[in-house]
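Listing of query38.txt, compact mmCIF, C-alpha atoms
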# COMPACT_ATOMS: atom_id res chain seq x y z
CA MET A 30 112.16 86.08 107.84
CA GLY A 31 110.10 86.77 110.92
CA ARG A 32 111.58 90.23 111.33
CA ALA A 33 111.05 91.05 107.64
CA ALA A 34 107.41 89.93 107.88
CA GLU A 35 106.97 92.05 111.00
CA ILE A 36 108.48 95.13 109.33
CA LEU A 37 106.19 94.75 106.31
CA GLY A 38 103.10 93.77 108.27
CA VAL A 39 102.73 90.52 106.33
CA THR A 40 102.84 86.86 107.22
CA GLN A 41 105.86 84.67 106.72
CA ALA A 42 103.72 82.64 104.31
CA PHE A 43 103.38 85.77 102.14
CA LEU A 44 107.16 86.11 101.93
CA ARG A 45 107.51 82.40 101.18
CA ALA A 46 104.96 82.85 98.37
CA LEU A 47 107.09 85.63 96.86
CA ASP A 48 110.08 83.30 97.09
CA ALA A 49 108.10 80.49 95.44
CA ALA A 50 107.00 82.90 92.69
CA GLU A 51 110.71 83.64 92.17
CA LEU A 52 110.12 87.35 92.63
CA LEU A 53 112.49 87.43 95.59
CA THR A 54 115.52 85.25 96.16
CA PRO A 55 116.73 86.08 99.64
CA GLN A 56 120.23 85.25 100.80
CA ARG A 57 120.55 82.55 103.42
CA SER A 58 122.34 82.84 106.74
CA ALA A 59 124.67 80.12 107.96
CA GLY A 60 121.70 78.72 109.88
CA GLY A 61 119.53 78.65 106.75
CA HIS A 62 117.39 81.67 107.61
CA ARG A 63 116.20 83.91 104.78
CA ARG A 64 117.85 87.34 104.75
CA TYR A 65 116.21 90.09 102.70
CA SER A 66 117.90 93.18 101.31
CA ARG A 67 116.30 96.61 101.60
CA TYR A 68 115.52 96.45 97.87
CA GLN A 69 113.76 93.11 98.32
CA LEU A 70 111.76 94.52 101.21
CA ARG A 71 110.67 97.44 99.01
CA ILE A 72 109.55 94.99 96.33
CA ALA A 73 107.63 92.92 98.88
CA ALA A 74 105.97 96.08 100.22
CA ARG A 75 104.91 97.08 96.69
CA VAL A 76 103.44 93.61 96.07
CA ARG A 77 101.55 93.88 99.34
CA GLU A 78 100.10 97.25 98.25
CA LEU A 79 98.92 95.71 95.00
CA VAL A 80 97.44 92.66 96.74
CA ASP A 81 95.71 94.93 99.26
CA ALA A 82 94.25 96.85 96.29
CA GLY A 83 92.57 93.65 95.11
CA ASN A 84 95.07 92.17 92.67
CA THR A 85 96.05 88.53 92.80
CA LEU A 86 99.53 87.65 94.01
CA GLU A 87 100.48 86.46 90.53
CA SER A 88 99.32 89.66 88.82
CA SER A 89 100.92 91.79 91.55
CA CYS A 90 104.27 90.08 90.95
CA ARG A 91 103.92 90.64 87.21
CA ILE A 92 103.10 94.32 87.73
CA VAL A 93 106.17 94.78 89.94
CA ILE A 94 108.37 93.09 87.32
CA LEU A 95 106.97 95.33 84.58
CA GLU A 96 107.40 98.45 86.73
CA ASP A 97 111.02 97.48 87.33
CA GLN A 98 111.62 96.87 83.61
CA LEU A 99 110.04 100.22 82.75
CA ALA A 100 112.21 102.05 85.29
CA GLU A 101 115.30 100.37 83.83
CA ALA A 102 114.24 101.37 80.30
CA HIS A 103 113.82 104.98 81.48
CA ARG A 104 117.33 104.91 83.02
CA ILE A 105 118.84 103.53 79.81
CA ASN A 106 116.97 106.11 77.75
CA ALA A 107 118.24 108.94 79.97
CA ASP A 108 121.82 107.62 79.73
CA LEU A 109 121.58 107.44 75.94
CA ARG A 110 120.13 110.94 75.70
CA GLU A 111 122.96 112.24 77.88
CA ALA A 112 125.55 110.43 75.76
CA LEU A 113 124.04 111.85 72.58
CA GLY A 114 123.93 115.32 74.12
CA ASN A 115 127.60 115.08 75.09
CA ARG A 116 128.47 113.79 71.63
CA SER A 117 126.66 116.70 69.96
CA ALA A 118 128.40 119.19 72.25
CA ASP A 119 131.82 117.74 71.26
CA SER A 120 131.12 118.23 67.53
Could you quickly redo this structure as structure tokens?
Amino acid sequence: MGRAAEILGVTQAFLRALDAAELLTPQRSAGGHRRYSRYQLRIAARVRELVDAGNTLESSCRIVILEDQLAEAHRINADLREALGNRSADS
């Protein structure tokens, strides 16, 4: 956790707050230390940007969740458009 906090320029308490908010669920090492994936570090960095911009931690977490859901919806939409395009080409 200390290394992740150092990389992001945040405190360990900030990362624990993201864990408590259930935005991040880091893996645990055999010694019980939190281990963050690159994806989780990107999420934490985005939350930090939003907090630095004046948003509360709670609203920042919600924004990140909504951004992630929107990106997933865009991916699904693109996949469906491609599938429909391939289906039309086969007809």
Between atom CA of A:Glu35 and atom CA of A:Arg71 - distance in Å to one decimal
13.7 Å
Around (116.0, 91.2, 99.7), as given in the file, which residues come within 12 Å? Count all atoms listed in the file and list them as number ranges by chain.
A: 30, 33-34, 44, 47-48, 51-57, 63-74
Selected residues written out with C-alpha atoms, as an mmCIF file, keeping the file's coordinate frame:
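That gives us out_6.cif:
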data_model
loop_
_atom_site.group_PDB
_atom_site.id
_atom_site.type_symbol
_atom_site.label_atom_id
_atom_site.label_comp_id
_atom_site.auth_asym_id
_atom_site.auth_seq_id
_atom_site.Cartn_x
_atom_site.Cartn_y
_atom_site.Cartn_z
ATOM 1 C CA MET A 30 112.160 86.080 107.840
ATOM 2 C CA ALA A 33 111.050 91.050 107.640
ATOM 3 C CA ALA A 34 107.410 89.930 107.880
ATOM 4 C CA LEU A 44 107.160 86.110 101.930
ATOM 5 C CA LEU A 47 107.090 85.630 96.860
ATOM 6 C CA ASP A 48 110.080 83.300 97.090
ATOM 7 C CA GLU A 51 110.710 83.640 92.170
ATOM 8 C CA LEU A 52 110.120 87.350 92.630
ATOM 9 C CA LEU A 53 112.490 87.430 95.590
ATOM 10 C CA THR A 54 115.520 85.250 96.160
ATOM 11 C CA PRO A 55 116.730 86.080 99.640
ATOM 12 C CA GLN A 56 120.230 85.250 100.800
ATOM 13 C CA ARG A 57 120.550 82.550 103.420
ATOM 14 C CA ARG A 63 116.200 83.910 104.780
ATOM 15 C CA ARG A 64 117.850 87.340 104.750
ATOM 16 C CA TYR A 65 116.210 90.090 102.700
ATOM 17 C CA SER A 66 117.900 93.180 101.310
ATOM 18 C CA ARG A 67 116.300 96.610 101.600
ATOM 19 C CA TYR A 68 115.520 96.450 97.870
ATOM 20 C CA GLN A 69 113.760 93.110 98.320
ATOM 21 C CA LEU A 70 111.760 94.520 101.210
ATOM 22 C CA ARG A 71 110.670 97.440 99.010
ATOM 23 C CA ILE A 72 109.550 94.990 96.330
ATOM 24 C CA ALA A 73 107.630 92.920 98.880
ATOM 25 C CA ALA A 74 105.970 96.080 100.220
#
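For the pair atom CA of A:Arg110 and atom CA of A:Ile94, the separation is 24.3 Å.
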Just how far from atom CA of A:Leu37 is atom CA of A:Gln98, in Å to one decimal?
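Between atom CA of A:Gln98 and atom CA of A:Leu37 the gap is 23.4 Å.
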